[in-house]
file work-v1.pdb (PDB, C-alpha atoms)
ATOM      1  CA  PHE A   1     -63.939 -36.606  33.542
ATOM      2  CA  ARG A   2     -64.395 -33.545  31.343
ATOM      3  CA  ILE A   3     -66.757 -30.563  31.570
ATOM      4  CA  THR A   4     -68.088 -31.349  28.101
ATOM      5  CA  GLN A   5     -69.310 -34.736  29.378
ATOM      6  CA  MET A   6     -71.594 -33.003  31.890
ATOM      7  CA  PHE A   7     -73.999 -31.539  29.345
ATOM      8  CA  GLU A   8     -75.733 -32.470  26.149
ATOM      9  CA  LYS A   9     -75.782 -29.917  23.323
ATOM     10  CA  ASN A  10     -79.492 -29.194  23.824
ATOM     11  CA  ASP A  11     -79.161 -28.597  27.588
ATOM     12  CA  THR A  12     -79.881 -24.991  28.648
ATOM     13  CA  ALA A  13     -76.977 -24.952  31.126
ATOM     14  CA  TYR A  14     -74.591 -26.023  28.384
ATOM     15  CA  ASN A  15     -75.935 -23.452  25.975
ATOM     16  CA  TYR A  16     -75.746 -20.562  28.401
ATOM     17  CA  TRP A  17     -73.074 -21.111  31.047
ATOM     18  CA  TRP A  18     -70.677 -23.514  29.364
ATOM     19  CA  GLU A  19     -70.717 -22.203  25.795
ATOM     20  CA  ILE A  20     -67.688 -19.909  26.215
ATOM     21  CA  PRO A  21     -65.501 -22.142  28.450
ATOM     22  CA  ILE A  22     -65.951 -25.088  26.093
ATOM     23  CA  LYS A  23     -65.554 -22.997  22.920
ATOM     24  CA  MET A  24     -62.324 -21.436  24.242
ATOM     25  CA  GLY A  25     -60.900 -24.671  25.673
ATOM     26  CA  LEU A  26     -60.595 -23.156  29.138
ATOM     27  CA  GLU A  27     -60.636 -26.490  30.961
ATOM     28  CA  LYS A  28     -57.300 -27.446  29.389
ATOM     29  CA  LYS A  29     -55.793 -23.938  29.536
ATOM     30  CA  LEU A  30     -56.630 -23.387  33.220
ATOM     31  CA  LYS A  31     -54.797 -26.565  34.294
ATOM     32  CA  GLU A  32     -51.619 -24.480  34.045
ATOM     33  CA  TYR A  33     -53.036 -22.001  36.598
ATOM     34  CA  LYS A  34     -54.150 -24.204  39.499
ATOM     35  CA  GLY A  35     -55.459 -22.332  42.489
ATOM     36  CA  LEU A  36     -56.548 -19.263  40.536
ATOM     37  CA  ALA A  37     -60.190 -18.240  40.163
ATOM     38  CA  VAL A  38     -60.782 -16.201  37.020
ATOM     39  CA  TRP A  39     -63.592 -13.668  37.427
ATOM     40  CA  GLY A  40     -65.200 -12.092  34.419
ATOM     41  CA  GLU A  41     -68.344 -11.164  32.612
ATOM     42  CA  LEU A  42     -70.178 -12.973  29.857
ATOM     43  CA  TYR A  43     -71.777 -10.393  27.582
ATOM     44  CA  GLY A  44     -73.612 -10.009  24.297
ATOM     45  CA  GLY A  45     -76.864 -11.370  22.998
ATOM     46  CA  ILE A  46     -78.911  -8.821  24.913
ATOM     47  CA  LYS A  47     -81.270  -6.745  22.805
ATOM     48  CA  GLY A  48     -79.906  -3.248  22.292
ATOM     49  CA  TRP A  49     -76.481  -4.011  23.818
ATOM     50  CA  HIS A  50     -74.269  -5.050  20.944
ATOM     51  CA  TYR A  51     -70.820  -4.318  22.322
ATOM     52  CA  ASP A  52     -68.123  -5.898  20.141
ATOM     53  CA  CYS A  53     -69.871  -9.243  19.692
ATOM     54  CA  PRO A  54     -69.955 -10.632  16.160
ATOM     55  CA  VAL A  55     -73.188 -11.697  14.500
ATOM     56  CA  VAL A  56     -72.875 -15.198  13.049
ATOM     57  CA  ASP A  57     -75.745 -16.834  11.160
ATOM     58  CA  GLY A  58     -78.111 -14.096  12.342
ATOM     59  CA  ARG A  59     -77.251 -14.686  16.024
ATOM     60  CA  MET A  60     -75.084 -12.471  18.200
ATOM     61  CA  GLU A  61     -72.235 -14.489  19.695
ATOM     62  CA  ARG A  62     -71.463 -13.775  23.306
ATOM     63  CA  LYS A  63     -67.998 -12.950  24.584
ATOM     64  CA  PHE A  64     -66.173 -13.035  27.897
ATOM     65  CA  ARG A  65     -63.851 -10.482  29.500
ATOM     66  CA  VAL A  66     -61.751 -10.975  32.619
ATOM     67  CA  PHE A  67     -62.022  -8.336  35.330
ATOM     68  CA  ASP A  68     -60.264 -10.049  38.241
ATOM     69  CA  ILE A  69     -58.258 -13.108  39.260
ATOM     70  CA  PHE A  70     -58.222 -14.423  42.812
ATOM     71  CA  ASP A  71     -55.372 -16.518  44.236
ATOM     72  CA  ILE A  72     -57.266 -19.092  46.303
ATOM     73  CA  LYS A  73     -54.241 -20.439  48.203
ATOM     74  CA  ASN A  74     -52.964 -17.014  49.279
ATOM     75  CA  LYS A  75     -56.475 -15.539  49.600
ATOM     76  CA  LYS A  76     -55.741 -12.396  47.636
ATOM     77  CA  PHE A  77     -56.563 -10.731  44.357
ATOM     78  CA  LEU A  78     -53.761 -10.436  41.830
ATOM     79  CA  GLU A  79     -52.323  -7.117  40.688
ATOM     80  CA  TRP A  80     -53.790  -5.821  37.418
ATOM     81  CA  ASP A  81     -50.545  -6.247  35.447
ATOM     82  CA  ARG A  82     -50.483  -9.950  36.404
ATOM     83  CA  ILE A  83     -54.175 -10.283  35.480
ATOM     84  CA  GLU A  84     -53.421  -8.865  32.036
ATOM     85  CA  GLN A  85     -50.455 -11.228  31.632
ATOM     86  CA  ILE A  86     -52.376 -14.363  32.606
ATOM     87  CA  SER A  87     -55.374 -13.327  30.497
ATOM     88  CA  SER A  88     -53.117 -12.856  27.485
ATOM     89  CA  GLU A  89     -51.511 -16.275  28.047
ATOM     90  CA  LEU A  90     -55.015 -17.815  28.214
ATOM     91  CA  GLY A  91     -56.179 -15.973  25.091
ATOM     92  CA  LEU A  92     -58.761 -14.005  27.078
ATOM     93  CA  GLU A  93     -59.612 -10.328  26.799
ATOM     94  CA  THR A  94     -59.738  -8.133  29.879
ATOM     95  CA  ALA A  95     -62.116  -5.347  30.760
ATOM     96  CA  PRO A  96     -60.916  -2.123  29.093
ATOM     97  CA  VAL A  97     -58.581   0.125  31.070
ATOM     98  CA  LEU A  98     -59.840   3.724  30.989
ATOM     99  CA  TYR A  99     -57.398   5.269  33.476
ATOM    100  CA  ARG A 100     -54.122   4.427  35.194
ATOM    101  CA  GLY A 101     -52.919   6.795  37.840
ATOM    102  CA  PRO A 102     -53.308   7.891  41.429
ATOM    103  CA  TRP A 103     -56.416   6.964  43.415
ATOM    104  CA  LYS A 104     -58.700   9.986  43.439
ATOM    105  CA  THR A 105     -61.380  10.684  46.007
ATOM    106  CA  ASP A 106     -62.819  13.746  44.279
ATOM    107  CA  HIS A 107     -65.184  13.705  41.277
ATOM    108  CA  SER A 108     -62.498  14.267  38.636
ATOM    109  CA  LEU A 109     -62.849  10.757  37.175
ATOM    110  CA  HIS A 110     -66.648  10.634  37.028
ATOM    111  CA  HIS A 111     -66.595  11.558  33.328
ATOM    112  CA  LEU A 112     -65.148   8.084  32.657
ATOM    113  CA  ALA A 113     -68.543   6.563  33.467
ATOM    114  CA  GLU A 114     -70.263   8.469  30.650
ATOM    115  CA  GLY A 115     -70.421   8.284  26.873
ATOM    116  CA  PRO A 116     -70.380   5.448  24.376
ATOM    117  CA  SER A 117     -68.949   2.071  25.335
ATOM    118  CA  THR A 118     -65.301   1.509  24.475
ATOM    119  CA  ILE A 119     -66.193  -1.989  23.233
ATOM    120  CA  GLY A 120     -69.189  -1.438  21.027
ATOM    121  CA  THR A 121     -72.044   0.718  19.831
ATOM    122  CA  CYS A 122     -74.026   1.185  23.008
ATOM    123  CA  VAL A 123     -73.934   3.405  26.067
ATOM    124  CA  ARG A 124     -71.084   2.864  28.532
ATOM    125  CA  GLU A 125     -72.177   1.012  31.638
ATOM    126  CA  GLY A 126     -69.716   2.850  33.871
ATOM    127  CA  PHE A 127     -66.240   2.161  35.177
ATOM    128  CA  VAL A 128     -64.458   0.335  37.961
ATOM    129  CA  MET A 129     -61.645   1.938  39.907
ATOM    130  CA  ARG A 130     -59.237  -0.224  41.894
ATOM    131  CA  SER A 131     -56.131   0.606  43.841
ATOM    132  CA  VAL A 132     -52.718  -0.275  42.447
ATOM    133  CA  PRO A 133     -51.120  -1.898  44.248
ATOM    134  CA  GLU A 134     -54.023  -3.878  45.684
ATOM    135  CA  ALA A 135     -55.042  -2.426  49.030
ATOM    136  CA  ASN A 136     -57.679  -2.712  51.715
ATOM    137  CA  HIS A 137     -59.369  -0.080  53.827
ATOM    138  CA  PRO A 138     -59.403  -1.117  57.515
ATOM    139  CA  GLN A 139     -63.201  -0.717  57.862
ATOM    140  CA  LEU A 140     -64.478  -1.126  54.296
ATOM    141  CA  GLY A 141     -62.293  -3.868  52.836
ATOM    142  CA  ARG A 142     -60.854  -4.003  49.350
ATOM    143  CA  LYS A 143     -60.331  -0.660  47.606
ATOM    144  CA  ILE A 144     -62.432  -1.158  44.503
ATOM    145  CA  ILE A 145     -65.544   0.700  43.411
ATOM    146  CA  LYS A 146     -67.876   0.775  40.422
ATOM    147  CA  LEU A 147     -69.512   3.969  39.255
ATOM    148  CA  LYS A 148     -72.410   3.433  36.852
ATOM    149  CA  GLY A 149     -73.038   6.091  34.222
ATOM    150  CA  ARG A 150     -76.126   8.293  34.308
ATOM    151  CA  ASP A 151     -77.241   7.301  30.796
ATOM    152  CA  TYR A 152     -76.851   3.602  31.631
ATOM    153  CA  LYS A 153     -78.957   3.998  34.776
ATOM    154  CA  LEU A 154     -81.653   5.855  32.806
ATOM    155  CA  ILE A 155     -81.844   3.105  30.191
ATOM    156  CA  LYS A 156     -81.776   0.207  32.660
ATOM    157  CA  GLY A 157     -84.274   1.878  34.979
TER     158      GLY A 157
END

call {"tool": "encode", "arguments": {"input": "work-v1.pdb", "output": "structure tokens"}}
result
Amino acid sequence: FRITQMFEKNDTAYNYWWEIPIKMGLEKKLKEYKGLAVWGELYGGIKGWHYDCPVVDGRMERKFRVFDIFDIKNKKFLEWDRIEQISSELGLETAPVLYRGPWKTDHSLHHLAEGPSTIGTCVREGFVMRSVPEANHPQLGRKIIKLKGRDYKLIKG
């Protein structure tokens, strides 16, 4: 049984959710990584948000970027270096890295949420900061946070 057998070409679910996995052959590639859940974002094709998506036959093609991988068996997220390695082996791009360094609790990294996107000609959505190595706060859980940019929030409303 194959994913491609589940949908006809004119089916909305195929066109939207399965376009990238089928196009990139992820069903076959992911067999080498059993027990890992790849988390990412499908982007492009949204009016005004062009990012780095190519236009083919007058239509913007969507792309996918990995932002996390979860080890289901061990119930933990992988370290970023391992995420980059697996993504590269799968032929997948990762979310851009804007900063590597010590975890900061002040506002010194807030400027990273502002300005143009690093992957296209639109405003930057923001940035995600995660601890390296992976860590959890005893009351709050996983140490990961997203800060959305002011310009992005103004545009999105």

call {"tool": "residues_around", "arguments": {"input": "work-v1.pdb", "residues": "A:Arg150", "least_positions_apart": "5", "cutoff": "12 Å", "atoms": "all atoms listed in the file", "output": "list in words"}}
result
His110, His111, Leu112, Ala113, Glu114, Gly115, Pro116, Val123, Arg124, Glu125, Gly126, Phe127, Ile155, Lys156 and Gly157 of chain A

call {"tool": "closest_residue", "arguments": {"input": "work-v1.pdb", "among": "A:Pro54, A:Leu92, A:Trp17, A:Met129", "to": "A:Arg142", "atoms": "only C-alpha atoms"}}
result
A:Met129

call {"tool": "atom_distance", "arguments": {"input": "work-v1.pdb", "atom1": "atom CA of A:Gly40", "atom2": "atom CA of A:Lys104"}}
result
24.7 Å

call {"tool": "resolve_selection", "arguments": {"input": "work-v1.pdb", "expression": "the PyMOL selection byres ((chain A and resi 143) around 6)", "output": "ChimeraX atom specification"}}
result
/A:130-131,135-136,142,144

call {"tool": "write_last_selection", "arguments": {"input": "work-v1.pdb", "atoms": "C-alpha atoms", "output": "PDB file, keeping the file's coordinate frame"}}
result
ATOM      1  CA  ARG A 130     -59.237  -0.224  41.894  1.00  0.00           C
ATOM      2  CA  SER A 131     -56.131   0.606  43.841  1.00  0.00           C
ATOM      3  CA  ALA A 135     -55.042  -2.426  49.030  1.00  0.00           C
ATOM      4  CA  ASN A 136     -57.679  -2.712  51.715  1.00  0.00           C
ATOM      5  CA  ARG A 142     -60.854  -4.003  49.350  1.00  0.00           C
ATOM      6  CA  ILE A 144     -62.432  -1.158  44.503  1.00  0.00           C
TER       7      ILE A 144
END

call {"tool": "atom_distance", "arguments": {"input": "work-v1.pdb", "atom1": "atom CA of A:Glu79", "atom2": "atom CA of A:Val132"}}
result
7.1 Å

call {"tool": "closest_residue", "arguments": {"input": "work-v1.pdb", "among": "A:Pro102, A:Gly91, A:Gly120, A:Gly141", "to": "A:Pro21", "atoms": "all atoms listed in the file"}}
result
A:Gly91

call {"tool": "closest_residue", "arguments": {"input": "work-v1.pdb", "among": "A:Met60, A:Met24, A:Lys73, A:Trp49", "to": "A:Tyr152", "atoms": "all atoms listed in the file"}}
result
A:Trp49

call {"tool": "closest_residue", "arguments": {"input": "work-v1.pdb", "among": "A:Glu27, A:Glu134, A:Asp71, A:Asp52", "to": "A:Leu90", "atoms": "all atoms listed in the file"}}
result
A:Glu27

call {"tool": "atom_distance", "arguments": {"input": "work-v1.pdb", "atom1": "atom CA of A:Glu61", "atom2": "atom CA of A:Lys146"}}
result
26.1 Å

call {"tool": "resolve_selection", "arguments": {"input": "work-v1.pdb", "expression": "the PyMOL selection byres ((chain A and resi 64) around 7)", "output": "number ranges by chain"}}
result
A: 40-43, 63, 65-66

call {"tool": "residues_around", "arguments": {"input": "work-v1.pdb", "residues": "A:Asp68", "least_positions_apart": "2", "cutoff": "9 Å", "atoms": "all atoms listed in the file", "output": "ChimeraX atom specification"}}
result
/A:37-40,66,70,77-80,83,94

call {"tool": "closest_residue", "arguments": {"input": "work-v1.pdb", "among": "A:Ile20, A:Val128, A:Val56, A:Leu36", "to": "A:Tyr99", "atoms": "all atoms listed in the file"}}
result
A:Val128

call {"tool": "closest_residue", "arguments": {"input": "work-v1.pdb", "among": "A:Ile86, A:Pro133, A:Trp103, A:Tyr51", "to": "A:Ser117", "atoms": "only C-alpha atoms"}}
result
A:Tyr51
